[in-house]
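Next up, input10.txt (compact mmCIF, C-alpha atoms and all ligand atoms):
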# COMPACT_ATOMS: atom_id res chain seq x y z
CA MET A 1 -0.96 -12.16 -50.47
CA GLU A 2 0.00 -14.37 -53.40
CA THR A 3 -2.13 -17.47 -53.76
CA ILE A 4 -2.01 -20.77 -55.61
CA GLN A 5 -2.31 -20.42 -59.37
CA LEU A 6 -4.44 -23.26 -60.71
CA THR A 7 -4.18 -24.82 -64.15
CA PRO A 8 -7.33 -24.78 -66.32
CA SER A 9 -8.24 -28.39 -65.38
CA GLU A 10 -7.66 -27.69 -61.66
CA ASN A 11 -9.79 -24.58 -62.03
CA ASP A 12 -12.60 -26.68 -63.51
CA ILE A 13 -12.62 -28.84 -60.37
CA PHE A 14 -12.42 -25.74 -58.19
CA ASN A 15 -15.45 -24.32 -60.00
CA GLY A 16 -17.46 -27.51 -59.48
CA LEU A 17 -17.32 -29.05 -62.95
CA GLU A 18 -16.55 -32.46 -61.41
CA GLY A 19 -19.30 -32.15 -58.84
CA PRO A 20 -19.75 -30.49 -55.46
CA VAL A 21 -17.75 -33.03 -53.46
CA MET A 22 -14.67 -32.76 -55.68
CA GLN A 23 -15.12 -29.01 -55.51
CA LYS A 24 -14.85 -29.17 -51.71
CA VAL A 25 -11.83 -31.46 -51.95
CA MET A 26 -10.08 -29.00 -54.25
CA ALA A 27 -11.11 -25.97 -52.17
CA SER A 28 -9.71 -27.59 -49.02
CA VAL A 29 -6.39 -28.40 -50.66
CA VAL A 30 -6.12 -24.89 -52.12
CA MET A 31 -6.90 -23.26 -48.77
CA TYR A 32 -4.34 -25.48 -47.07
CA GLY A 33 -1.76 -24.77 -49.77
CA ASN A 34 -2.34 -21.02 -49.50
CA ALA A 35 -1.89 -21.17 -45.75
CA MET A 36 1.42 -22.99 -46.25
CA GLY A 37 2.64 -20.46 -48.82
CA ALA A 38 2.37 -22.71 -51.90
CA ARG A 39 2.02 -21.09 -55.33
CA LYS A 40 0.97 -24.12 -57.31
CA LEU A 41 -0.12 -27.75 -57.08
CA ILE A 42 2.19 -30.44 -58.42
CA PRO A 43 1.36 -34.00 -59.53
CA ILE A 44 1.81 -36.82 -57.03
CA THR A 45 4.03 -39.33 -58.80
CA GLY A 46 4.62 -41.99 -56.14
CA LYS A 47 2.89 -44.47 -53.84
CA LEU A 48 0.02 -43.52 -51.55
CA HIS A 49 -0.24 -44.03 -47.81
CA SER A 50 -2.79 -42.84 -45.26
CA VAL A 51 -2.90 -42.43 -41.48
CA LEU A 52 -6.65 -43.03 -41.34
CA SER A 53 -6.53 -46.33 -39.47
CA CYS A 54 -8.01 -45.57 -36.07
CA GLY A 55 -11.78 -45.78 -35.70
CA ALA A 56 -11.91 -43.62 -32.58
CA ARG A 57 -15.44 -42.89 -31.46
CA MET A 58 -15.06 -39.11 -31.18
CA LEU A 59 -14.10 -38.54 -34.82
CA ASP A 60 -17.63 -38.35 -36.23
CA PRO A 61 -16.97 -35.29 -38.44
CA VAL A 62 -14.18 -37.28 -40.14
CA TYR A 63 -16.45 -40.25 -40.84
CA GLU A 64 -19.09 -37.88 -42.22
CA ILE A 65 -16.57 -36.40 -44.65
CA LEU A 66 -15.38 -39.87 -45.68
CA GLN A 67 -18.98 -40.95 -46.22
CA GLU A 68 -19.58 -37.97 -48.47
CA LEU A 69 -16.61 -39.03 -50.57
CA VAL A 70 -17.78 -42.65 -50.65
CA ASP A 71 -21.34 -41.67 -51.62
CA ALA A 72 -19.98 -39.59 -54.48
CA GLY A 73 -18.06 -42.66 -55.74
CA ILE A 74 -14.71 -40.92 -55.25
CA LYS A 75 -11.48 -42.90 -54.93
CA THR A 76 -7.81 -42.14 -54.53
CA LYS A 77 -5.73 -42.11 -57.72
CA ALA A 78 -4.11 -45.44 -56.75
CA PRO A 79 -4.51 -48.02 -53.97
CA PHE A 80 -3.06 -46.95 -50.62
CA THR A 81 -1.64 -48.56 -47.51
CA VAL A 82 -2.67 -47.28 -44.10
CA ASP A 83 -1.27 -47.05 -40.56
CA PRO A 84 -1.70 -50.01 -38.16
CA ARG A 85 -4.96 -50.72 -36.38
CA PRO A 86 -5.35 -49.46 -32.80
CA MET A 87 -6.22 -52.92 -31.51
CA ASP A 88 -5.21 -56.54 -31.93
CA TYR A 89 -7.50 -58.51 -29.64
CA GLU A 90 -5.99 -61.81 -30.70
CA ASN A 91 -2.38 -61.06 -29.90
CA MET A 92 -2.07 -58.09 -27.54
CA GLN A 93 -2.50 -58.33 -23.79
CA TYR A 94 -5.91 -57.07 -22.57
CA SER A 95 -7.74 -57.52 -19.30
CA PHE A 96 -11.48 -57.96 -19.60
CA ALA A 97 -12.05 -54.30 -18.66
CA GLU A 98 -9.33 -53.09 -21.02
CA LYS A 99 -10.87 -54.94 -23.92
CA LEU A 100 -14.29 -53.59 -23.10
CA LEU A 101 -12.95 -50.05 -22.99
CA ALA A 102 -10.99 -50.54 -26.22
CA ARG A 103 -14.15 -51.74 -27.98
CA PHE A 104 -15.89 -48.59 -26.76
CA LEU A 105 -13.05 -46.19 -27.63
CA PHE A 106 -12.60 -47.62 -31.12
CA SER A 107 -16.24 -48.37 -31.75
CA LYS A 108 -16.09 -46.76 -35.22
CA GLN A 109 -13.38 -49.12 -36.47
CA ASN A 110 -15.67 -51.15 -38.73
CA ARG A 111 -17.26 -48.05 -40.18
CA LEU A 112 -13.86 -46.49 -40.88
CA GLU A 113 -12.46 -49.65 -42.46
CA SER A 114 -15.48 -50.06 -44.71
CA GLN A 115 -15.04 -46.43 -45.83
CA ILE A 116 -11.31 -46.64 -46.53
CA ARG A 117 -11.82 -49.91 -48.43
CA ARG A 118 -14.22 -48.11 -50.74
CA LEU A 119 -11.88 -45.15 -51.06
CA GLY A 120 -9.02 -47.31 -52.33
CA LEU A 121 -7.34 -49.31 -49.53
CA ARG A 122 -4.82 -51.71 -51.11
CA ASP A 123 -5.82 -54.93 -49.34
CA ALA A 124 -6.46 -56.54 -45.97
CA ASN A 125 -2.72 -56.59 -45.18
CA ALA A 126 -2.22 -52.90 -45.82
CA PHE A 127 -2.21 -51.89 -42.13
CA THR A 128 1.33 -50.78 -41.22
CA CYS A 129 3.24 -47.55 -40.76
CA ALA A 130 6.33 -49.18 -42.29
CA CYS A 131 4.69 -49.60 -45.71
CA TYR A 132 7.96 -48.52 -47.35
CA LEU A 133 9.68 -51.78 -46.37
CA PRO A 134 10.38 -54.06 -49.34
CA GLU A 135 8.43 -56.87 -47.61
CA VAL A 136 5.31 -54.66 -47.66
CA GLY A 137 6.03 -53.27 -51.09
CA ASN A 138 4.59 -49.74 -51.00
CA VAL A 139 8.03 -48.32 -51.76
CA PRO A 140 8.37 -44.87 -53.35
CA ASP A 141 11.12 -44.22 -55.91
CA PRO A 142 13.79 -41.52 -55.52
CA GLY A 143 12.42 -38.13 -56.50
CA ASP A 144 8.77 -39.21 -56.27
CA ILE A 145 6.33 -36.55 -55.10
CA LEU A 146 4.11 -37.85 -52.27
CA CYS A 147 1.55 -36.52 -49.86
CA TRP A 148 1.88 -38.56 -46.65
CA SER A 149 1.18 -37.74 -43.01
CA GLU A 150 2.61 -40.56 -40.92
CA SER A 151 5.62 -38.80 -39.39
CA SER A 152 7.81 -41.90 -39.10
CA ALA A 153 7.13 -42.80 -42.73
CA VAL A 154 7.55 -39.26 -44.07
CA VAL A 155 11.00 -38.91 -42.53
CA TYR A 156 12.01 -42.36 -43.86
CA VAL A 157 10.95 -41.84 -47.47
CA ASN A 158 12.35 -38.30 -47.58
CA SER A 159 15.70 -39.11 -46.04
CA ILE A 160 16.55 -42.67 -47.05
CA LEU A 161 14.67 -43.12 -50.32
CA GLY A 162 15.02 -39.53 -51.57
CA ALA A 163 11.29 -39.22 -52.29
CA ARG A 164 9.53 -35.96 -51.35
CA SER A 165 6.68 -35.44 -48.93
CA ASN A 166 5.70 -32.78 -46.45
CA ARG A 167 4.33 -33.77 -43.04
CA ASN A 168 0.65 -33.40 -43.82
CA SER A 169 -2.55 -34.08 -41.91
CA ALA A 170 -4.91 -37.02 -42.34
CA LEU A 171 -7.65 -35.47 -44.46
CA ILE A 172 -5.38 -33.21 -46.50
CA GLU A 173 -3.31 -36.30 -47.33
CA LEU A 174 -6.46 -38.10 -48.49
CA PHE A 175 -7.76 -35.12 -50.48
CA CYS A 176 -4.42 -34.71 -52.25
CA ASN A 177 -4.32 -38.42 -53.04
CA ILE A 178 -7.81 -38.12 -54.54
CA LEU A 179 -6.77 -35.15 -56.68
CA GLY A 180 -3.37 -36.65 -57.49
CA LYS A 181 -1.89 -33.23 -56.69
CA ALA A 182 -0.16 -31.68 -53.69
CA PRO A 183 0.56 -28.04 -52.81
CA CYS A 184 4.19 -27.31 -53.67
CA TYR A 185 6.03 -25.96 -50.63
CA GLY A 186 8.53 -27.00 -47.95
CA LEU A 187 10.03 -30.44 -48.41
CA LEU A 188 8.69 -30.74 -51.97
CA THR A 189 11.05 -27.97 -53.09
CA ASP A 190 14.84 -28.08 -53.59
CA ASP A 191 15.31 -25.14 -51.26
CA GLY A 192 13.12 -26.61 -48.51
CA ARG A 193 15.33 -29.70 -48.44
CA LYS A 194 18.57 -27.89 -47.67
CA ALA A 195 20.06 -28.55 -44.26
CA ASP A 196 19.91 -25.73 -41.74
CA TRP A 197 21.67 -27.70 -38.99
CA LEU A 198 25.01 -29.47 -38.96
CA ILE A 199 24.94 -32.26 -36.39
CA GLU A 200 28.26 -33.77 -35.44
CA VAL A 201 28.11 -37.20 -33.84
CA ASN A 202 31.24 -37.61 -31.72
CA THR A 203 30.64 -40.94 -30.02
CA PRO A 204 33.20 -43.78 -29.95
CA VAL A 205 30.58 -46.37 -30.94
CA LEU A 206 27.27 -46.30 -32.79
CA PRO A 207 24.74 -44.71 -30.40
CA GLU A 208 21.27 -46.12 -29.74
CA PRO A 209 19.27 -44.97 -32.77
CA GLN A 210 16.21 -43.93 -30.81
CA LEU A 211 18.25 -41.90 -28.33
CA LEU A 212 20.25 -40.19 -31.05
CA GLY A 213 17.04 -39.35 -32.94
CA SER A 214 15.49 -37.99 -29.79
CA ALA A 215 18.50 -35.76 -29.07
CA ILE A 216 18.37 -34.33 -32.58
CA GLY A 217 14.58 -33.82 -32.56
CA LEU A 218 14.60 -32.11 -29.18
CA LYS A 219 17.37 -29.74 -30.23
CA ILE A 220 16.41 -28.70 -33.75
CA PHE A 221 12.64 -29.29 -33.58
CA GLU A 222 11.56 -28.60 -37.18
CA GLY A 223 14.88 -28.09 -38.95
CA VAL A 224 16.61 -30.21 -41.57
CA PRO A 225 19.89 -31.65 -40.22
CA LEU A 226 22.97 -32.84 -42.05
CA ILE A 227 24.44 -35.49 -39.76
CA ARG A 228 28.21 -35.88 -39.80
CA GLY A 229 30.07 -38.74 -38.14
CA LEU A 230 27.49 -41.54 -38.51
CA LYS A 231 28.79 -42.98 -41.77
CA PRO A 232 32.21 -43.96 -40.30
CA LEU A 233 30.39 -45.60 -37.37
CA PHE A 234 28.27 -47.63 -39.80
CA ASP A 235 31.43 -48.57 -41.71
CA SER A 236 32.99 -49.93 -38.56
CA ASN A 237 29.81 -51.91 -37.73
CA PRO A 238 29.17 -54.03 -40.80
CA GLU A 239 26.61 -56.13 -38.89
CA CYS A 240 24.37 -53.09 -38.39
CA ASN A 241 21.41 -52.92 -40.76
CA VAL A 242 21.69 -49.28 -41.73
CA ASN A 243 18.13 -48.83 -43.02
CA ASP A 244 16.63 -50.32 -39.87
CA TYR A 245 18.85 -48.11 -37.73
CA LEU A 246 17.87 -45.01 -39.68
CA LYS A 247 14.18 -45.99 -39.61
CA ASP A 248 14.21 -45.99 -35.81
CA MET A 249 16.43 -42.94 -35.48
CA GLY A 250 14.23 -40.96 -37.89
CA ALA A 251 10.98 -41.91 -36.18
CA SER A 252 12.36 -40.78 -32.85
CA CYS A 253 13.64 -37.56 -34.41
CA ALA A 254 10.22 -36.92 -35.92
CA ALA A 255 8.44 -37.58 -32.62
CA SER A 256 10.71 -35.61 -30.27
CA GLY A 257 10.66 -32.72 -32.71
CA ALA A 258 8.90 -32.31 -36.04
CA VAL A 259 11.77 -33.36 -38.30
CA GLY A 260 10.59 -34.53 -41.74
CA LEU A 261 13.96 -34.97 -43.42
CA TYR A 262 17.59 -35.52 -42.46
CA HIS A 263 20.70 -36.02 -44.52
CA ILE A 264 23.61 -38.27 -43.52
CA GLU A 265 26.96 -37.15 -44.84
CA GLY A 266 28.36 -39.68 -47.30
CA LEU A 267 25.27 -41.89 -47.20
CA THR A 268 21.76 -40.59 -47.95
CA PRO A 269 20.89 -39.81 -51.60
CA GLU A 270 20.81 -36.02 -51.54
CA ALA A 271 23.87 -35.71 -49.29
CA MET A 272 25.75 -37.95 -51.74
CA ARG A 273 24.60 -36.02 -54.78
CA GLU A 274 25.03 -32.49 -53.49
CA LYS A 275 27.88 -32.97 -51.02
CA ASN A 276 28.41 -29.75 -49.01
CA GLY A 277 25.94 -27.88 -51.25
CA ILE A 278 23.16 -29.44 -49.20
CA LEU A 279 24.14 -27.33 -46.17
CA ARG A 280 22.94 -23.72 -45.89
CA GLU A 281 25.72 -21.22 -45.28
CA ASP A 282 24.03 -19.77 -42.22
CA HIS A 283 23.46 -23.18 -40.59
CA ASN A 284 23.34 -23.91 -36.87
CA HIS A 285 25.64 -26.40 -35.20
CA TYR A 286 25.06 -29.12 -32.59
CA ALA A 287 27.62 -31.63 -31.33
CA ILE A 288 26.50 -34.90 -29.77
CA ASP A 289 28.70 -37.05 -27.57
CA ASP A 290 28.00 -39.75 -24.99
CA ARG A 291 27.54 -37.15 -22.26
CA GLU A 292 24.91 -35.32 -24.27
CA LEU A 293 23.05 -38.58 -24.96
CA ALA A 294 23.16 -39.54 -21.29
CA GLY A 295 21.68 -36.13 -20.44
CA VAL A 296 18.84 -36.61 -22.94
CA LYS A 297 18.08 -40.06 -21.55
CA ALA A 298 18.12 -38.78 -17.97
CA SER A 299 15.67 -36.02 -18.94
CA TYR A 300 12.93 -38.48 -19.91
CA PRO A 301 10.17 -38.35 -17.31
CA VAL A 302 8.94 -41.64 -15.83
CA LEU A 303 5.16 -41.51 -15.96
CA TRP A 304 4.46 -44.67 -13.98
CA LYS A 305 2.58 -44.00 -10.76
CA ASN A 306 4.92 -46.29 -8.88
CA LYS A 307 8.35 -45.91 -10.43
CA ASN A 308 9.63 -49.09 -8.77
CA ARG A 309 7.00 -51.39 -10.23
CA LYS A 310 8.16 -54.41 -12.14
CA PRO A 311 7.44 -54.10 -15.87
CA LYS A 312 4.36 -55.96 -17.01
CA MET A 313 4.77 -55.66 -20.75
CA CYS A 314 7.57 -54.93 -23.16
CA ILE A 315 6.67 -53.38 -26.52
CA ILE A 316 9.21 -53.31 -29.34
CA GLY A 317 8.30 -52.02 -32.79
CA CYS A 318 7.16 -48.41 -32.96
CA PRO A 319 7.61 -47.85 -35.87
CA HIS A 320 6.80 -51.38 -37.02
CA LEU A 321 9.75 -53.75 -37.18
CA SER A 322 11.23 -54.93 -40.46
CA PHE A 323 11.44 -58.68 -41.10
CA HIS A 324 15.14 -58.51 -40.37
CA GLN A 325 14.47 -56.82 -37.01
CA VAL A 326 11.92 -59.47 -36.01
CA LEU A 327 14.51 -62.18 -36.68
CA ASP A 328 17.18 -60.21 -34.91
CA TRP A 329 15.13 -59.60 -31.75
CA LYS A 330 14.02 -63.21 -31.68
CA SER A 331 17.57 -64.52 -31.81
CA ARG A 332 18.96 -61.93 -29.38
CA ILE A 333 16.26 -62.72 -26.83
CA ILE A 334 16.59 -66.49 -27.19
CA GLU A 335 20.36 -66.26 -26.99
CA ALA A 336 20.14 -64.15 -23.80
CA LEU A 337 17.63 -66.59 -22.28
CA LYS A 338 19.94 -69.52 -23.00
CA LYS A 339 22.85 -67.80 -21.30
CA LYS A 340 20.69 -67.40 -18.19
CA HIS A 341 19.35 -70.96 -18.39
CA ARG A 342 15.85 -69.67 -18.84
CA LYS A 343 13.18 -70.78 -21.26
CA ARG A 344 10.81 -67.81 -21.32
CA VAL A 345 10.97 -64.05 -21.01
CA SER A 346 9.94 -62.73 -17.62
CA VAL A 347 7.93 -59.88 -19.12
CA GLY A 348 5.31 -60.42 -21.86
CA THR A 349 7.14 -59.21 -24.96
CA PHE A 350 5.26 -57.93 -28.01
CA LEU A 351 6.99 -57.40 -31.33
CA CYS A 352 4.93 -55.04 -33.51
CA THR A 353 5.22 -55.45 -37.24
CA ALA A 354 3.36 -55.41 -40.56
CA PRO A 355 0.80 -58.12 -41.43
CA ASP A 356 2.96 -59.11 -44.43
CA VAL A 357 5.95 -59.59 -42.13
CA VAL A 358 3.90 -61.67 -39.68
CA ASN A 359 2.76 -63.91 -42.54
CA THR A 360 6.27 -64.34 -43.90
CA PHE A 361 7.61 -65.09 -40.44
CA ASN A 362 4.87 -67.59 -39.64
CA ASN A 363 5.63 -69.49 -42.86
CA ASP A 364 8.59 -70.85 -40.94
CA ARG A 365 6.62 -72.91 -38.45
CA ALA A 366 9.62 -73.90 -36.38
CA ALA A 367 10.70 -70.28 -35.92
CA ALA A 368 7.13 -69.24 -35.07
CA ALA A 369 6.88 -72.01 -32.45
CA GLU A 370 10.27 -71.09 -30.98
CA LEU A 371 9.20 -67.45 -30.64
CA LYS A 372 6.00 -68.43 -28.89
CA ARG A 373 7.73 -70.88 -26.55
CA ALA A 374 10.07 -68.12 -25.44
CA GLY A 375 7.08 -65.93 -24.48
CA MET A 376 7.18 -63.46 -27.37
CA THR A 377 4.19 -62.49 -29.49
CA LEU A 378 4.02 -60.90 -32.92
CA THR A 379 1.31 -58.28 -33.27
CA THR A 380 0.22 -55.90 -36.00
CA VAL A 381 -1.13 -53.29 -33.57
CA CYS A 382 -0.08 -49.66 -33.33
CA PRO A 383 1.21 -49.69 -29.74
CA LEU A 384 0.66 -45.97 -29.36
CA THR A 385 -3.08 -46.17 -29.99
CA TYR A 386 -3.20 -49.37 -27.91
CA MET A 387 -1.78 -47.33 -25.02
CA ASN A 388 -4.24 -44.48 -25.58
CA ASN A 389 -6.64 -46.73 -23.71
CA PRO A 390 -6.55 -45.21 -20.19
CA LEU A 391 -6.50 -48.69 -18.64
CA SER A 392 -3.59 -49.85 -20.79
CA ALA A 393 -1.78 -46.61 -19.91
CA LEU A 394 -1.82 -47.63 -16.24
CA LYS A 395 0.29 -50.71 -16.93
CA PRO A 396 4.05 -50.54 -16.41
CA VAL A 397 5.12 -50.93 -20.03
CA VAL A 398 8.74 -50.74 -21.13
CA THR A 399 9.88 -49.92 -24.64
CA ASN A 400 12.97 -49.09 -26.67
CA SER A 401 10.91 -46.73 -28.82
CA GLY A 402 11.49 -43.00 -28.65
CA LYS A 403 8.13 -42.34 -30.26
CA LEU A 404 6.16 -44.58 -27.91
CA ARG A 405 7.95 -43.01 -24.96
CA THR A 406 7.14 -39.51 -26.20
CA TYR A 407 3.41 -40.02 -26.57
CA THR A 408 2.49 -42.56 -23.88
CA THR A 409 3.30 -43.67 -20.34
CA ALA A 410 5.69 -46.34 -21.65
CA ARG A 411 9.12 -46.16 -20.02
CA TYR A 412 12.19 -45.99 -22.23
CA TYR A 413 15.11 -48.36 -21.88
CA ASP A 414 17.85 -48.85 -24.43
CA ASN A 415 18.14 -52.14 -26.31
CA ASP A 416 20.61 -53.77 -23.93
CA GLU A 417 18.60 -52.72 -20.88
CA ILE A 418 15.42 -54.08 -22.46
CA LEU A 419 17.15 -57.36 -23.19
CA HIS A 420 18.34 -57.59 -19.60
CA LEU A 421 14.95 -56.64 -18.15
CA ILE A 422 12.95 -59.21 -20.06
CA THR A 423 15.37 -62.09 -19.69
CA THR A 424 16.07 -61.77 -15.97
FE1 LIG B 501 3.76 -46.73 -36.29
FE2 LIG B 501 1.93 -46.46 -34.46
FE3 LIG B 501 4.46 -46.11 -33.85
S1 LIG B 501 1.80 -45.75 -36.50
S2 LIG B 501 5.31 -45.27 -35.68
S3 LIG B 501 3.53 -48.02 -34.54
S4 LIG B 501 2.79 -44.81 -33.27
Now, as a test, write the supplied structure out as structure tokens.
Ligand code: F3S
Amino acid sequence: METIQLTPSENDIFNGLEGPVMQKVMASVVMYGNAMGARKLIPITGKLHSVLSCGARMLDPVYEILQELVDAGIKTKAPFTVDPRPMDYENMQYSFAEKLLARFLFSKQNRLESQIRRLGLRDANAFTCACYLPEVGNVPDPGDILCWSESSAVVYVNSILGARSNRNSALIELFCNILGKAPCYGLLTDDGRKADWLIEVNTPVLPEPQLLGSAIGLKIFEGVPLIRGLKPLFDSNPECNVNDYLKDMGASCAASGAVGLYHIEGLTPEAMREKNGILREDHNHYAIDDRELAGVKASYPVLWKNKNRKPKMCIIGCPHLSFHQVLDWKSRIIEALKKKHRKRVSVGTFLCTAPDVVNTFNNDRAAAAELKRAGMTLTTVCPLTYMNNPLSALKPVVTNSGKLRTYTTARYYDNDEILHLITT
């Protein structure tokens, strides 16, 4: 079997010239690269991000590895952002028992945060999966080589920004960002980025992004789709924020399947540059219409014990909302409340977003007060890890997120249904 060919300086690290810990880092990356069929390492040229944000108590081997790195004085090549925290005791809804259990489940949070700070965490506001938003500022450039793991972020930067990252795992991501090198395979190569599926969207109006993403992910699982038919729908909906739409569609696609990259005909960078050349000749074909989407939605299991329970919480923002989406949800909800002569939502509504977005939003005190008065709360939590708490999982939570629905007991409703549910 062919294996990775190292350069002389990489070989020095491999042979321990930079110390035993760096030697292990390099050996791990090489083993991983060999398993994935890589033949060389290539320099990471773009921003760094990590998924190591959850101080779960059963991850001791991970904290031991991180401590070894810290003790050896090792850092990533540049500062990195990290996924959201699993808890937000100030802003999320917890019963006494839930909070107690969360403190137990995530009892290694302080240890983890102290370790990632020493390894190169950007700053105290770096906790978000949507680090690629301009308001957060960890934005890769087109063509940048990255080594990220967060599936919703990988699919965004690959597809919309034209940067290049495989879907990695937490420690491999960190090791590569320490070395400044990543194994070259899959989505880092021109060939690995070609579309092997042609998806035709045949709906009269723009479909729900999360539902469309879910349909694609469930059908093609790990393939690379070229999506036809979305661009004209965007053109006829000038009020739609295309990047926000694609952020949510991509995250759902990546959660229902393992999609790390999609192309949109006439829109995304590589589809624009390469036109039909982006599509493999022997591609598969999948047509999506309203009937297909309704079938996908109907196939979602409802994991609530009592399916007729009234929702207790509504969670919007997995992946984290952009600033524009926070404003948009706030005005849509307040508008709907006004129409129904109501002042507050009937279900506690939590809008999950980045710390930088929360700060920007709260600078406008009147808007922040209005949001609070209407019964909405901004939180920086990762709702998925919040719902990993078995007590939180028992609550009837509704969401518009395909990813949250996939991994938790949260029940999916589309945006209009959510709006109706929480304002009635
Ligand atoms: Fe982000 Fe957590 Fe959802 S990391 S994509 S909010 S699962």
Open item on the list: Which residues are near ligand LIG 501 (chain B) in this structure, taking near to mean any atom at most 8 Å from a ligand atom and counting all atoms listed in the file? Format them as a list in words.
Closed with: Val51, Asp83, Pro84, Thr128, Cys129, Ala130, Glu150, Ser151, Ser152, Ala153, Ala251, Gly317, Cys318, Pro319, His320, Cys352, Val381, Cys382, Pro383, Leu384, Thr385, Lys403 and Leu404 of chain A
Keeping C-alpha atoms for every residue in the selection just given, could you write it to a file as a compact mmCIF listing (two decimals), in the coordinates of the input?
# COMPACT_ATOMS: atom_id res chain seq x y z
CA VAL A 51 -2.90 -42.43 -41.48
CA ASP A 83 -1.27 -47.05 -40.56
CA PRO A 84 -1.70 -50.01 -38.16
CA THR A 128 1.33 -50.78 -41.22
CA CYS A 129 3.24 -47.55 -40.76
CA ALA A 130 6.33 -49.18 -42.29
CA GLU A 150 2.61 -40.56 -40.92
CA SER A 151 5.62 -38.80 -39.39
CA SER A 152 7.81 -41.90 -39.10
CA ALA A 153 7.13 -42.80 -42.73
CA ALA A 251 10.98 -41.91 -36.18
CA GLY A 317 8.30 -52.02 -32.79
CA CYS A 318 7.16 -48.41 -32.96
CA PRO A 319 7.61 -47.85 -35.87
CA HIS A 320 6.80 -51.38 -37.02
CA CYS A 352 4.93 -55.04 -33.51
CA VAL A 381 -1.13 -53.29 -33.57
CA CYS A 382 -0.08 -49.66 -33.33
CA PRO A 383 1.21 -49.69 -29.74
CA LEU A 384 0.66 -45.97 -29.36
CA THR A 385 -3.08 -46.17 -29.99
CA LYS A 403 8.13 -42.34 -30.26
CA LEU A 404 6.16 -44.58 -27.91
TODO: Determine, counting all atoms listed in the file, which protein, DNA and RNA residues have an atom within 9 Å of an atom of Ala410 of chain A; residues of the same chain fewer than 3 positions away are not included. Present the result as a list in words.
DONE: Val302, Leu303, Trp304, Cys314, Ile315, Met387, Ala393, Lys395, Pro396, Val397, Val398, Thr399, Ser401, Leu404, Arg405, Thr406 and Tyr407 of chain A
- [ ] Show which residues sit within 12 Å of Met36 of chain A, as a ChimeraX atom specification. Count all atoms listed in the file, and ignore same-chain residues fewer than 5 positions away.
- [x] /A:1-4,29-31,41,166-168,182-187
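Using only C-alpha atoms, the smallest distance between any of A:Ser114, A:Thr81, A:Gln93, A:Ser165 and Asn138 of chain A comes from A:Thr81.
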- [ ] Name the closest residue to Asp414 of chain A among the candidates A:Asp196, A:Glu222, A:Glu208, A:Glu10; distances are taken between atoms, counting only C-alpha atoms.
- [x] A:Glu208
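Interatomic distance, atom CA of Glu64 of chain A against atom CA of Leu119 of chain A: 13.5 Å.
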Task: Which of A:Ala254, A:Met87, A:Cys176, A:Leu69 sits closest to Ser214 of chain A [using only C-alpha atoms] - done: A:Ala254
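If you look at atom CA of Ala56 of chain A and atom CA of Lys108 of chain A, they are 5.9 Å away from each other.
Considering the residues A:Ala374, A:Ile227, A:Leu351, A:Val155 and counting only C-alpha atoms, Leu198 of chain A has its shortest atom-to-atom contact with A:Ile227.
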Only N, CA, C and O atoms, as a PDB file, in the first residue's frame: that is what I want for segment 111-118 of chain A.
ATOM      1  N   ARG A 111     -11.766  22.557  33.025  1.00  0.00           N
ATOM      2  CA  ARG A 111     -10.467  21.978  32.666  1.00  0.00           C
ATOM      3  C   ARG A 111     -10.242  22.112  31.155  1.00  0.00           C
ATOM      4  O   ARG A 111      -9.180  22.549  30.710  1.00  0.00           O
ATOM      5  N   LEU A 112     -11.273  21.741  30.385  1.00  0.00           N
ATOM      6  CA  LEU A 112     -11.145  21.816  28.924  1.00  0.00           C
ATOM      7  C   LEU A 112     -10.867  23.252  28.483  1.00  0.00           C
ATOM      8  O   LEU A 112      -9.985  23.514  27.655  1.00  0.00           O
ATOM      9  N   GLU A 113     -11.620  24.200  29.033  1.00  0.00           N
ATOM     10  CA  GLU A 113     -11.449  25.592  28.572  1.00  0.00           C
ATOM     11  C   GLU A 113     -10.067  26.123  28.923  1.00  0.00           C
ATOM     12  O   GLU A 113      -9.464  26.875  28.161  1.00  0.00           O
ATOM     13  N   SER A 114      -9.554  25.725  30.094  1.00  0.00           N
ATOM     14  CA  SER A 114      -8.218  26.194  30.442  1.00  0.00           C
ATOM     15  C   SER A 114      -7.198  25.578  29.467  1.00  0.00           C
ATOM     16  O   SER A 114      -6.246  26.231  29.020  1.00  0.00           O
ATOM     17  N   GLN A 115      -7.417  24.333  29.060  1.00  0.00           N
ATOM     18  CA  GLN A 115      -6.490  23.702  28.118  1.00  0.00           C
ATOM     19  C   GLN A 115      -6.546  24.351  26.739  1.00  0.00           C
ATOM     20  O   GLN A 115      -5.502  24.668  26.158  1.00  0.00           O
ATOM     21  N   ILE A 116      -7.773  24.578  26.230  1.00  0.00           N
ATOM     22  CA  ILE A 116      -7.838  25.136  24.865  1.00  0.00           C
ATOM     23  C   ILE A 116      -7.358  26.589  24.832  1.00  0.00           C
ATOM     24  O   ILE A 116      -6.822  27.044  23.838  1.00  0.00           O
ATOM     25  N   ARG A 117      -7.526  27.297  25.971  1.00  0.00           N
ATOM     26  CA  ARG A 117      -6.961  28.668  26.025  1.00  0.00           C
ATOM     27  C   ARG A 117      -5.457  28.609  25.832  1.00  0.00           C
ATOM     28  O   ARG A 117      -4.880  29.368  25.071  1.00  0.00           O
ATOM     29  N   ARG A 118      -4.823  27.651  26.490  1.00  0.00           N
ATOM     30  CA  ARG A 118      -3.364  27.562  26.415  1.00  0.00           C
ATOM     31  C   ARG A 118      -2.904  26.998  25.066  1.00  0.00           C
ATOM     32  O   ARG A 118      -1.773  27.211  24.655  1.00  0.00           O
TER      33      ARG A 118
END
